[in-house]
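With mmCIF, C-alpha atoms and all ligand atoms inside, this is model-v3.cif:
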```
data_model
loop_
_atom_site.label_atom_id
_atom_site.label_comp_id
_atom_site.auth_asym_id
_atom_site.auth_seq_id
_atom_site.Cartn_x
_atom_site.Cartn_y
_atom_site.Cartn_z
CA MET G 10 0.00 0.00 0.00
CA ARG G 11 1.12 3.52 -0.75
CA PHE G 12 0.37 6.72 1.14
CA ASP G 13 0.58 10.18 -0.43
CA VAL G 14 0.09 13.34 1.60
CA VAL G 15 -0.76 16.66 -0.04
CA THR G 16 0.50 19.37 2.31
CA ILE G 17 2.19 22.77 2.36
CA PHE G 18 4.34 21.42 5.21
CA PRO G 19 6.03 18.37 3.62
CA GLU G 20 8.96 18.39 6.04
CA MET G 21 6.60 18.17 9.02
CA VAL G 22 4.96 15.07 7.60
CA LEU G 23 8.18 13.47 6.36
CA ASP G 24 10.08 14.01 9.61
CA CYS G 25 7.28 12.36 11.58
CA ALA G 26 6.51 9.51 9.19
CA MET G 27 10.18 8.53 8.89
CA ASN G 28 10.28 7.53 12.57
CA GLY G 29 9.01 4.46 14.43
CA VAL G 30 6.78 1.84 12.84
CA THR G 31 6.06 3.84 9.69
CA GLY G 32 9.71 4.80 9.24
CA ARG G 33 10.78 1.16 9.47
CA ALA G 34 8.02 0.13 7.06
CA ILE G 35 9.02 2.77 4.51
CA LYS G 36 12.72 1.87 4.75
CA GLN G 37 12.01 -1.87 4.35
CA GLY G 38 9.61 -1.23 1.47
CA SER G 39 6.50 -2.56 3.22
CA ILE G 40 4.69 0.67 2.41
CA GLY G 41 5.13 3.44 -0.14
CA PHE G 42 5.14 7.06 0.99
CA SER G 43 5.37 10.44 -0.75
CA VAL G 44 4.51 14.03 0.03
CA TRP G 45 3.26 16.56 -2.50
CA ASN G 46 3.39 20.32 -1.91
CA PRO G 47 0.71 22.32 -3.74
CA ARG G 48 3.18 25.23 -3.73
CA ASP G 49 5.21 23.31 -6.31
CA TYR G 50 2.26 23.54 -8.67
CA ALA G 51 1.44 27.23 -8.12
CA VAL G 52 2.27 28.95 -11.37
CA ASP G 53 2.69 32.54 -10.23
CA LYS G 54 6.05 33.86 -9.10
CA HIS G 55 4.88 34.04 -5.48
CA LYS G 56 3.82 30.36 -5.53
CA THR G 57 0.36 31.32 -4.32
CA VAL G 58 -1.69 28.44 -2.93
CA ASP G 59 -4.32 30.49 -1.12
CA ASP G 60 -6.52 33.49 -1.68
CA ARG G 61 -9.12 35.61 0.05
CA PRO G 62 -12.53 34.00 0.66
CA TYR G 63 -15.45 35.03 -1.54
CA GLY G 64 -18.09 36.60 0.67
CA GLY G 65 -15.41 38.07 2.94
CA GLY G 66 -14.43 36.85 6.40
CA PRO G 67 -11.17 36.14 8.16
CA GLY G 68 -8.22 34.19 6.85
CA MET G 69 -7.50 32.61 3.51
CA VAL G 70 -8.78 29.64 1.52
CA MET G 71 -6.59 27.11 -0.33
CA LYS G 72 -6.97 27.34 -4.10
CA TYR G 73 -8.39 24.47 -6.16
CA LYS G 74 -5.82 24.10 -8.95
CA PRO G 75 -2.55 23.70 -6.97
CA LEU G 76 -4.31 21.03 -4.87
CA LYS G 77 -5.64 19.26 -7.94
CA ASP G 78 -2.27 19.31 -9.67
CA ALA G 79 -0.63 17.84 -6.58
CA VAL G 80 -3.24 15.05 -6.38
CA ASP G 81 -3.01 14.34 -10.13
CA ASN G 82 0.78 13.98 -9.88
CA ALA G 83 0.46 11.64 -6.91
CA LYS G 84 -1.93 9.49 -8.93
CA LYS G 85 0.30 9.56 -12.02
CA ASP G 86 3.34 8.61 -9.95
CA ALA G 87 1.66 5.57 -8.41
CA ARG G 88 -0.43 4.32 -11.32
CA ALA G 89 -2.47 2.39 -8.78
CA GLU G 90 -5.81 0.62 -9.31
CA ARG G 91 -7.65 1.04 -6.02
CA VAL G 92 -7.09 4.71 -5.12
CA LYS G 93 -8.98 6.90 -2.66
CA VAL G 94 -8.56 10.66 -2.12
CA VAL G 95 -9.49 11.76 1.41
CA TYR G 96 -9.72 15.27 2.85
CA LEU G 97 -8.95 15.48 6.58
CA SER G 98 -11.35 17.87 8.27
CA PRO G 99 -13.58 18.29 11.33
CA GLN G 100 -16.49 17.87 8.91
CA GLY G 101 -15.43 14.31 8.06
CA LYS G 102 -16.67 10.93 9.20
CA PRO G 103 -15.00 9.61 12.36
CA ILE G 104 -11.71 7.75 11.94
CA THR G 105 -12.30 4.40 13.66
CA GLN G 106 -10.47 1.08 13.74
CA GLN G 107 -13.08 -0.26 11.32
CA LEU G 108 -12.38 2.58 8.87
CA LEU G 109 -8.64 1.85 9.11
CA ASN G 110 -9.25 -1.89 8.61
CA ASP G 111 -11.45 -1.27 5.57
CA SER G 112 -8.93 1.17 4.06
CA SER G 113 -6.00 -1.21 4.42
CA THR G 114 -6.97 -2.99 1.20
CA LEU G 115 -6.42 0.09 -0.97
CA ASP G 116 -3.43 0.32 -3.31
CA GLN G 117 -3.06 4.06 -2.75
CA LEU G 118 -4.49 6.48 -0.20
CA ILE G 119 -4.03 10.17 -1.03
CA LEU G 120 -4.52 12.29 2.09
CA VAL G 121 -5.21 15.99 1.56
CA ALA G 122 -4.19 18.14 4.53
CA GLY G 123 -5.79 21.56 4.52
CA ARG G 124 -4.54 24.68 6.22
CA TYR G 125 -5.73 28.28 6.69
CA GLU G 126 -9.55 28.43 6.92
CA GLY G 127 -10.01 25.50 4.59
CA ILE G 128 -9.95 24.56 0.94
CA ASP G 129 -12.13 25.50 -2.03
CA GLU G 130 -15.35 23.48 -1.65
CA ARG G 131 -15.35 22.62 -5.34
CA PHE G 132 -12.10 20.67 -4.87
CA ILE G 133 -13.67 18.59 -2.09
CA GLN G 134 -16.73 17.89 -4.23
CA ASP G 135 -14.80 17.10 -7.44
CA GLU G 136 -11.62 15.39 -6.23
CA CYS G 137 -12.19 13.91 -2.75
CA GLN G 138 -14.11 10.66 -2.37
CA GLU G 139 -14.37 11.04 1.42
CA GLU G 140 -13.73 13.37 4.34
CA TRP G 141 -12.33 11.87 7.55
CA SER G 142 -12.09 13.38 11.05
CA LEU G 143 -10.10 12.58 14.18
CA GLY G 144 -12.88 14.05 16.27
CA ASP G 145 -15.06 17.05 16.90
CA PHE G 146 -12.33 19.63 17.35
CA VAL G 147 -10.43 22.10 15.20
CA ILE G 148 -6.63 22.02 14.97
CA SER G 149 -4.36 24.03 12.68
CA GLY G 150 -4.28 21.66 9.77
CA GLY G 151 -4.92 18.16 8.51
CA GLU G 152 -1.33 16.87 8.70
CA LEU G 153 -1.56 15.34 12.18
CA ALA G 154 -4.73 13.51 11.19
CA ALA G 155 -3.00 12.23 8.04
CA LEU G 156 -0.14 10.88 10.15
CA VAL G 157 -2.58 9.12 12.49
CA VAL G 158 -4.23 7.44 9.51
CA ILE G 159 -0.89 6.36 8.02
CA ASP G 160 0.29 4.92 11.35
CA GLY G 161 -3.00 3.17 12.07
CA ILE G 162 -3.29 1.53 8.65
CA SER G 163 0.43 0.68 8.37
CA ARG G 164 0.20 -1.40 11.57
CA LEU G 165 -2.39 -3.57 9.86
CA LEU G 166 -0.28 -4.34 6.79
CA PRO G 167 1.75 -7.52 6.42
CA GLY G 168 5.42 -7.24 7.31
CA VAL G 169 5.11 -3.96 9.19
CA LEU G 170 4.86 -5.23 12.74
CA GLY G 171 6.98 -8.06 14.07
CA ASP G 172 5.18 -11.37 14.72
CA GLU G 173 4.74 -10.69 18.43
CA GLU G 174 3.54 -7.12 17.89
CA SER G 175 1.20 -8.30 15.16
CA ALA G 176 -0.33 -10.96 17.41
CA ARG G 177 -0.89 -8.37 20.12
CA GLN G 178 -2.39 -5.99 17.60
CA ASP G 179 -4.84 -8.71 16.58
CA SER G 180 -5.87 -9.37 20.18
CA HIS G 181 -6.17 -5.63 20.83
CA MET G 182 -8.36 -5.25 17.77
CA ASN G 183 -11.03 -7.43 19.31
CA GLY G 184 -12.97 -4.25 20.03
CA LEU G 185 -11.96 -4.06 23.69
CA LEU G 186 -9.75 -1.60 25.53
CA ASP G 187 -6.24 -2.76 26.29
CA CYS G 188 -5.33 -4.55 29.51
CA PRO G 189 -2.97 -2.99 32.11
CA HIS G 190 0.81 -3.39 31.61
CA TYR G 191 3.55 -3.56 34.26
CA THR G 192 7.33 -3.72 34.31
CA ARG G 193 10.14 -3.62 36.92
CA PRO G 194 10.36 -2.85 39.77
CA GLU G 195 7.92 -5.40 41.21
CA VAL G 196 6.87 -2.95 43.95
CA PHE G 197 6.91 0.81 43.52
CA LYS G 198 5.54 3.25 46.08
CA ASP G 199 4.03 0.28 47.95
CA LYS G 200 2.09 -0.78 44.84
CA ALA G 201 2.89 -4.32 43.73
CA VAL G 202 2.50 -5.96 40.33
CA PRO G 203 -0.52 -8.36 40.28
CA ASN G 204 0.68 -11.80 41.41
CA VAL G 205 -0.74 -13.61 38.40
CA LEU G 206 1.77 -11.79 36.17
CA LEU G 207 4.67 -13.06 38.28
CA GLY G 208 3.58 -16.71 38.30
CA GLY G 209 4.55 -17.60 34.75
CA ASN G 210 1.31 -19.50 34.07
CA HIS G 211 0.55 -18.28 30.52
CA LYS G 212 -3.02 -19.56 30.53
CA ASP G 213 -3.82 -17.75 33.79
CA ILE G 214 -2.06 -14.60 32.54
CA ALA G 215 -4.04 -14.59 29.28
CA LYS G 216 -7.28 -15.10 31.23
CA TRP G 217 -6.41 -12.26 33.62
CA ARG G 218 -5.54 -9.93 30.72
CA LEU G 219 -8.82 -10.69 28.94
CA LYS G 220 -10.74 -10.11 32.20
CA GLN G 221 -9.02 -6.75 32.64
CA SER G 222 -9.75 -5.73 29.04
CA LEU G 223 -13.41 -6.65 29.46
CA GLY G 224 -13.65 -4.92 32.83
CA ARG G 225 -11.92 -1.75 31.66
CA THR G 226 -14.12 -1.58 28.60
CA TRP G 227 -17.23 -1.97 30.77
CA GLN G 228 -15.97 0.77 33.10
CA LYS G 229 -14.58 3.30 30.59
CA ARG G 230 -16.31 2.62 27.30
CA PRO G 231 -19.50 0.61 27.93
CA ASP G 232 -20.69 1.73 24.49
CA LEU G 233 -18.12 -0.59 22.91
CA LEU G 234 -19.91 -3.53 24.55
CA PHE G 235 -23.39 -2.57 23.33
CA ASP G 236 -22.87 -4.15 19.90
CA LYS G 237 -20.49 -6.86 21.06
CA GLU G 238 -21.77 -10.40 21.61
CA LEU G 239 -19.63 -11.76 24.46
CA THR G 240 -18.84 -15.47 24.60
CA ALA G 241 -19.89 -17.38 27.71
CA GLU G 242 -16.29 -17.25 28.94
CA GLN G 243 -16.03 -13.51 28.32
CA GLN G 244 -19.33 -12.85 30.10
CA SER G 245 -18.18 -14.98 33.05
CA LEU G 246 -14.87 -13.10 33.25
CA LEU G 247 -16.67 -9.76 33.13
CA ASN G 248 -18.98 -10.88 35.94
CA GLU G 249 -15.93 -11.91 37.97
CA PHE G 250 -14.40 -8.47 37.36
CA LYS G 251 -17.56 -6.72 38.54
CA ILE G 252 -17.73 -8.84 41.71
CA GLU G 253 -14.04 -8.30 42.50
CA LEU G 254 -14.52 -4.57 41.96
CA LYS G 255 -17.52 -4.45 44.28
CA TYR G 256 -15.91 -6.35 47.13
CA LYS G 257 -12.34 -5.09 46.93
C1 LIG T 301 -11.98 26.28 11.27
C2 LIG T 301 -13.10 26.64 12.01
C3 LIG T 301 -13.41 27.75 12.77
C4 LIG T 301 -14.67 27.78 13.41
C5 LIG T 301 -15.54 26.73 13.30
C6 LIG T 301 -15.23 25.61 12.55
C7 LIG T 301 -14.02 25.60 11.90
N1 LIG T 301 -13.50 24.64 11.14
C8 LIG T 301 -12.29 25.07 10.76
C9 LIG T 301 -11.44 24.26 9.95
O1 LIG T 301 -11.85 23.20 9.52
N2 LIG T 301 -10.22 24.77 9.74
C10 LIG T 301 -9.34 23.92 9.07
C11 LIG T 301 -8.00 23.79 9.70
C12 LIG T 301 -9.16 24.05 7.59
C13 LIG T 301 -8.59 22.79 7.09
C14 LIG T 301 -7.49 22.23 7.95
N3 LIG T 301 -7.69 22.44 9.34
C15 LIG T 301 -8.10 21.49 10.21
C16 LIG T 301 -8.23 20.14 9.99
N4 LIG T 301 -8.50 21.79 11.45
N5 LIG T 301 -8.85 20.63 12.07
C17 LIG T 301 -8.69 19.64 11.20
C18 LIG T 301 -9.02 18.28 11.53
C19 LIG T 301 -8.74 17.23 10.66
C20 LIG T 301 -9.11 15.95 11.01
N6 LIG T 301 -9.71 15.70 12.20
C21 LIG T 301 -9.98 16.71 13.05
C22 LIG T 301 -9.63 18.02 12.74
#
```
Would you kindly transcribe this structure into structure tokens?
Ligand code: 9WO
Amino acid sequence: MRFDVVTIFPEMVLDCAMNGVTGRAIKQGSIGFSVWNPRDYAVDKHKTVDDRPYGGGPGMVMKYKPLKDAVDNAKKDARAERVKVVYLSPQGKPITQQLLNDSSTLDQLILVAGRYEGIDERFIQDECQEEWSLGDFVISGGELAALVVIDGISRLLPGVLGDEESARQDSHMNGLLDCPHYTRPEVFKDKAVPNVLLGGNHKDIAKWRLKQSLGRTWQKRPDLLFDKELTAEQQSLLNEFKIELKYK
């Protein structure tokens, strides 16, 4: 899979993407990655990518043509079959694990990061298949959201995570919140690591971790359980968690 980001801050996106999981994946060729600066396609001598909004109001709006030329060059460079162009904005549909899973089968994902007050609406209508949002808040641009998407999808692609990490990712993607994690020292500020984690019984440890994931999800994000059909074992573990919580 290949990711292309259209942004007037290519260094910001490159510097971040070239670190960690995504950096390793790019270097080993597990994913493709390019950035495209609309300023490189602005034909005037000032490399203008924005202009004043029709109808007045504060700030500037990003112009259609430099954005379109950047997207067209990203498409031409990849010559991919299954391509999607997505605009990152607070007006978009929520970015969820399901959306990342579904998008991981694309050949190319072109992520358009806006700045200023936004981009010409006609570009969104003509060139963007979807709008995606990190949440109901406004930040300074779409780049951070683009990086979240790239990281989240990359982790799902073959060869990106090591076997162990990949297995954990799978378990974590079962729609539950993660279990607690501990490391040395065994006791810190009079708080000890749960005994089960010290015993070395892998079956008991896995059962404890699942119980904690179920319990935490019930406590912090009960909405995630509304649509989830728990197995008999999971329901039993959750009941145990609730009882232990009540009588601790
Ligand atoms: C500015 C603004 C001001 C008042 C009320 C609503 C508003 N929306 C915006 C806005 O969308 N500004 C954008 C800044 C223009 C395009 C890039 N910017 C952006 C993207 N801000 N926040 C995002 C974003 C992207 C993905 N997920 C969450 C937020």
What are the closest atom pairs, with distances in Å to one decimal, for each residue of chain G lying within 6 Å of ligand LIG 301 (chain T), using all atoms listed in the file, rows by chain and rising residue number, as a tab-separated table?
```
residue	atom	partner	partner_atom	distance
G:Leu97	CA	T:LIG301	C19	4.4
G:Ser98	CA	T:LIG301	C19	3.6
G:Pro99	CA	T:LIG301	C22	4.2
G:Gly123	CA	T:LIG301	C14	3.9
G:Arg124	CA	T:LIG301	C14	4.2
G:Tyr125	CA	T:LIG301	C12	5.5
G:Glu126	CA	T:LIG301	C12	4.4
G:Gly127	CA	T:LIG301	C12	3.4
G:Ser142	CA	T:LIG301	N6	3.5
G:Leu143	CA	T:LIG301	N6	3.7
G:Gly144	CA	T:LIG301	C21	5.1
G:Phe146	CA	T:LIG301	C22	5.6
G:Val147	CA	T:LIG301	N5	3.8
G:Ile148	CA	T:LIG301	N5	3.9
G:Ser149	CA	T:LIG301	C11	4.7
G:Gly150	CA	T:LIG301	N3	3.5
G:Gly151	CA	T:LIG301	C16	4.1
G:Ala154	CA	T:LIG301	C20	5.0
```
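Nearest residue to Ile119 (chain G) among G:Asp86, G:Asp60, G:Asp49, G:Glu242 is G:Asp86, counting only C-alpha atoms.
Of the listed residues G:Ile252, G:Gln228, G:Asp199, G:Ile162, the one whose atoms come nearest to Thr105 (chain G) is G:Ile162, with distances taken using only C-alpha atoms.
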Tell me which protein, DNA and RNA residues are within 10 Å of region 33-42 of chain G, counting all atoms listed in the file, leaving out same-chain ones fewer than 4 positions away, and put them as a PyMOL selection string. chain G and resi 10-14+23+26-29+87+116-119+159+163-164+166-170
Figure out the distance between CA of Ser222 (chain G) and CA of Gly101 (chain G), please, to one decimal in Å. 29.6 Å
With distances taken over only C-alpha atoms, which residue among G:Leu185, G:Ala241, G:Leu206, G:Leu153 lies nearest Trp227 (chain G)? G:Leu185
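For the set G:Val30, G:Val158, G:Leu120, G:Val70, the residue with the smallest atom-to-atom gap to Ser43 (chain G) is G:Leu120, counting all atoms listed in the file.
Proximity ranking of G:Lys102, G:Ala122, G:Val94, G:Gly32 relative to Phe18 (chain G) places G:Ala122 first, based on only C-alpha atoms.
The interatomic distance for the pair CA of Lys77 (chain G) and CA of Glu136 (chain G) works out to 7.3 Å.
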Between CA of Gln134 (chain G) and CA of Lys72 (chain G), distance in Å (one decimal): 13.6 Å
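When only C-alpha atoms are used to measure the gap to Asp129 (chain G), the shortest distance among G:Val95, G:Ala155, G:Lys74, G:Glu173 belongs to G:Lys74.
The set of protein, DNA and RNA residues with any counted atom at most 10 Å from (-4.3, -8.3, 27.9) (only C-alpha atoms) reads Arg177, Ser180, His181, Leu185, Leu186, Asp187, Cys188, Pro189, His190, Ile214, Ala215, Lys216, Trp217, Arg218, Leu219, Lys220, Gln221, Ser222 and Leu223 of chain G.
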Spatial neighbours of Tyr50 (chain G), 10 Å, all atoms listed in the file, chain gap at least 6 places, as a list in words: Lys56, Thr57, Val58, Lys74, Pro75, Leu76, Lys77, Asp78, Ala79 and Asn82 of chain G
Save C-alpha atoms of region 85-191 of chain G from the block above as a PDB file, in the first residue's frame.
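Listed below is the output, out.pdb:
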```pdb
ATOM      1  CA  LYS G  85       0.298   9.556 -12.019  1.00  0.00           C
ATOM      2  CA  ASP G  86       3.343   8.610  -9.950  1.00  0.00           C
ATOM      3  CA  ALA G  87       1.662   5.569  -8.412  1.00  0.00           C
ATOM      4  CA  ARG G  88      -0.428   4.316 -11.325  1.00  0.00           C
ATOM      5  CA  ALA G  89      -2.468   2.388  -8.775  1.00  0.00           C
ATOM      6  CA  GLU G  90      -5.806   0.623  -9.311  1.00  0.00           C
ATOM      7  CA  ARG G  91      -7.654   1.044  -6.020  1.00  0.00           C
ATOM      8  CA  VAL G  92      -7.089   4.707  -5.119  1.00  0.00           C
ATOM      9  CA  LYS G  93      -8.978   6.903  -2.662  1.00  0.00           C
ATOM     10  CA  VAL G  94      -8.556  10.661  -2.116  1.00  0.00           C
ATOM     11  CA  VAL G  95      -9.493  11.757   1.409  1.00  0.00           C
ATOM     12  CA  TYR G  96      -9.718  15.271   2.851  1.00  0.00           C
ATOM     13  CA  LEU G  97      -8.946  15.483   6.584  1.00  0.00           C
ATOM     14  CA  SER G  98     -11.350  17.871   8.272  1.00  0.00           C
ATOM     15  CA  PRO G  99     -13.583  18.292  11.330  1.00  0.00           C
ATOM     16  CA  GLN G 100     -16.493  17.866   8.915  1.00  0.00           C
ATOM     17  CA  GLY G 101     -15.432  14.311   8.056  1.00  0.00           C
ATOM     18  CA  LYS G 102     -16.666  10.926   9.202  1.00  0.00           C
ATOM     19  CA  PRO G 103     -15.000   9.614  12.364  1.00  0.00           C
ATOM     20  CA  ILE G 104     -11.710   7.748  11.935  1.00  0.00           C
ATOM     21  CA  THR G 105     -12.299   4.399  13.655  1.00  0.00           C
ATOM     22  CA  GLN G 106     -10.470   1.077  13.745  1.00  0.00           C
ATOM     23  CA  GLN G 107     -13.083  -0.263  11.321  1.00  0.00           C
ATOM     24  CA  LEU G 108     -12.381   2.581   8.874  1.00  0.00           C
ATOM     25  CA  LEU G 109      -8.641   1.847   9.109  1.00  0.00           C
ATOM     26  CA  ASN G 110      -9.245  -1.886   8.614  1.00  0.00           C
ATOM     27  CA  ASP G 111     -11.453  -1.269   5.575  1.00  0.00           C
ATOM     28  CA  SER G 112      -8.931   1.171   4.061  1.00  0.00           C
ATOM     29  CA  SER G 113      -5.998  -1.206   4.424  1.00  0.00           C
ATOM     30  CA  THR G 114      -6.974  -2.994   1.202  1.00  0.00           C
ATOM     31  CA  LEU G 115      -6.420   0.093  -0.972  1.00  0.00           C
ATOM     32  CA  ASP G 116      -3.434   0.322  -3.312  1.00  0.00           C
ATOM     33  CA  GLN G 117      -3.063   4.057  -2.752  1.00  0.00           C
ATOM     34  CA  LEU G 118      -4.487   6.483  -0.202  1.00  0.00           C
ATOM     35  CA  ILE G 119      -4.034  10.168  -1.033  1.00  0.00           C
ATOM     36  CA  LEU G 120      -4.521  12.295   2.092  1.00  0.00           C
ATOM     37  CA  VAL G 121      -5.205  15.994   1.562  1.00  0.00           C
ATOM     38  CA  ALA G 122      -4.185  18.139   4.530  1.00  0.00           C
ATOM     39  CA  GLY G 123      -5.792  21.560   4.519  1.00  0.00           C
ATOM     40  CA  ARG G 124      -4.541  24.684   6.217  1.00  0.00           C
ATOM     41  CA  TYR G 125      -5.726  28.276   6.693  1.00  0.00           C
ATOM     42  CA  GLU G 126      -9.545  28.435   6.922  1.00  0.00           C
ATOM     43  CA  GLY G 127     -10.008  25.503   4.588  1.00  0.00           C
ATOM     44  CA  ILE G 128      -9.952  24.556   0.943  1.00  0.00           C
ATOM     45  CA  ASP G 129     -12.127  25.502  -2.034  1.00  0.00           C
ATOM     46  CA  GLU G 130     -15.348  23.478  -1.645  1.00  0.00           C
ATOM     47  CA  ARG G 131     -15.352  22.620  -5.339  1.00  0.00           C
ATOM     48  CA  PHE G 132     -12.098  20.668  -4.867  1.00  0.00           C
ATOM     49  CA  ILE G 133     -13.665  18.593  -2.086  1.00  0.00           C
ATOM     50  CA  GLN G 134     -16.734  17.890  -4.230  1.00  0.00           C
ATOM     51  CA  ASP G 135     -14.797  17.097  -7.440  1.00  0.00           C
ATOM     52  CA  GLU G 136     -11.625  15.390  -6.226  1.00  0.00           C
ATOM     53  CA  CYS G 137     -12.186  13.908  -2.753  1.00  0.00           C
ATOM     54  CA  GLN G 138     -14.108  10.663  -2.366  1.00  0.00           C
ATOM     55  CA  GLU G 139     -14.367  11.035   1.417  1.00  0.00           C
ATOM     56  CA  GLU G 140     -13.727  13.373   4.343  1.00  0.00           C
ATOM     57  CA  TRP G 141     -12.329  11.872   7.553  1.00  0.00           C
ATOM     58  CA  SER G 142     -12.085  13.382  11.054  1.00  0.00           C
ATOM     59  CA  LEU G 143     -10.100  12.582  14.180  1.00  0.00           C
ATOM     60  CA  GLY G 144     -12.882  14.052  16.268  1.00  0.00           C
ATOM     61  CA  ASP G 145     -15.062  17.052  16.898  1.00  0.00           C
ATOM     62  CA  PHE G 146     -12.332  19.632  17.353  1.00  0.00           C
ATOM     63  CA  VAL G 147     -10.434  22.098  15.202  1.00  0.00           C
ATOM     64  CA  ILE G 148      -6.629  22.024  14.965  1.00  0.00           C
ATOM     65  CA  SER G 149      -4.356  24.034  12.684  1.00  0.00           C
ATOM     66  CA  GLY G 150      -4.285  21.660   9.769  1.00  0.00           C
ATOM     67  CA  GLY G 151      -4.919  18.158   8.515  1.00  0.00           C
ATOM     68  CA  GLU G 152      -1.329  16.871   8.701  1.00  0.00           C
ATOM     69  CA  LEU G 153      -1.556  15.343  12.185  1.00  0.00           C
ATOM     70  CA  ALA G 154      -4.725  13.509  11.186  1.00  0.00           C
ATOM     71  CA  ALA G 155      -2.997  12.234   8.041  1.00  0.00           C
ATOM     72  CA  LEU G 156      -0.142  10.884  10.152  1.00  0.00           C
ATOM     73  CA  VAL G 157      -2.580   9.123  12.485  1.00  0.00           C
ATOM     74  CA  VAL G 158      -4.228   7.437   9.507  1.00  0.00           C
ATOM     75  CA  ILE G 159      -0.891   6.359   8.021  1.00  0.00           C
ATOM     76  CA  ASP G 160       0.294   4.920  11.351  1.00  0.00           C
ATOM     77  CA  GLY G 161      -3.000   3.165  12.074  1.00  0.00           C
ATOM     78  CA  ILE G 162      -3.291   1.534   8.651  1.00  0.00           C
ATOM     79  CA  SER G 163       0.426   0.680   8.374  1.00  0.00           C
ATOM     80  CA  ARG G 164       0.197  -1.404  11.572  1.00  0.00           C
ATOM     81  CA  LEU G 165      -2.388  -3.570   9.856  1.00  0.00           C
ATOM     82  CA  LEU G 166      -0.284  -4.339   6.787  1.00  0.00           C
ATOM     83  CA  PRO G 167       1.748  -7.523   6.420  1.00  0.00           C
ATOM     84  CA  GLY G 168       5.423  -7.240   7.306  1.00  0.00           C
ATOM     85  CA  VAL G 169       5.110  -3.957   9.188  1.00  0.00           C
ATOM     86  CA  LEU G 170       4.860  -5.233  12.740  1.00  0.00           C
ATOM     87  CA  GLY G 171       6.982  -8.062  14.071  1.00  0.00           C
ATOM     88  CA  ASP G 172       5.175 -11.373  14.724  1.00  0.00           C
ATOM     89  CA  GLU G 173       4.743 -10.691  18.429  1.00  0.00           C
ATOM     90  CA  GLU G 174       3.542  -7.123  17.893  1.00  0.00           C
ATOM     91  CA  SER G 175       1.205  -8.300  15.163  1.00  0.00           C
ATOM     92  CA  ALA G 176      -0.331 -10.956  17.408  1.00  0.00           C
ATOM     93  CA  ARG G 177      -0.889  -8.372  20.123  1.00  0.00           C
ATOM     94  CA  GLN G 178      -2.392  -5.994  17.600  1.00  0.00           C
ATOM     95  CA  ASP G 179      -4.845  -8.712  16.578  1.00  0.00           C
ATOM     96  CA  SER G 180      -5.873  -9.372  20.180  1.00  0.00           C
ATOM     97  CA  HIS G 181      -6.170  -5.633  20.832  1.00  0.00           C
ATOM     98  CA  MET G 182      -8.358  -5.246  17.766  1.00  0.00           C
ATOM     99  CA  ASN G 183     -11.028  -7.430  19.313  1.00  0.00           C
ATOM    100  CA  GLY G 184     -12.971  -4.253  20.027  1.00  0.00           C
ATOM    101  CA  LEU G 185     -11.964  -4.058  23.685  1.00  0.00           C
ATOM    102  CA  LEU G 186      -9.754  -1.600  25.532  1.00  0.00           C
ATOM    103  CA  ASP G 187      -6.237  -2.761  26.292  1.00  0.00           C
ATOM    104  CA  CYS G 188      -5.331  -4.555  29.510  1.00  0.00           C
ATOM    105  CA  PRO G 189      -2.971  -2.990  32.106  1.00  0.00           C
ATOM    106  CA  HIS G 190       0.806  -3.393  31.609  1.00  0.00           C
ATOM    107  CA  TYR G 191       3.555  -3.560  34.261  1.00  0.00           C
TER     108      TYR G 191
END
```
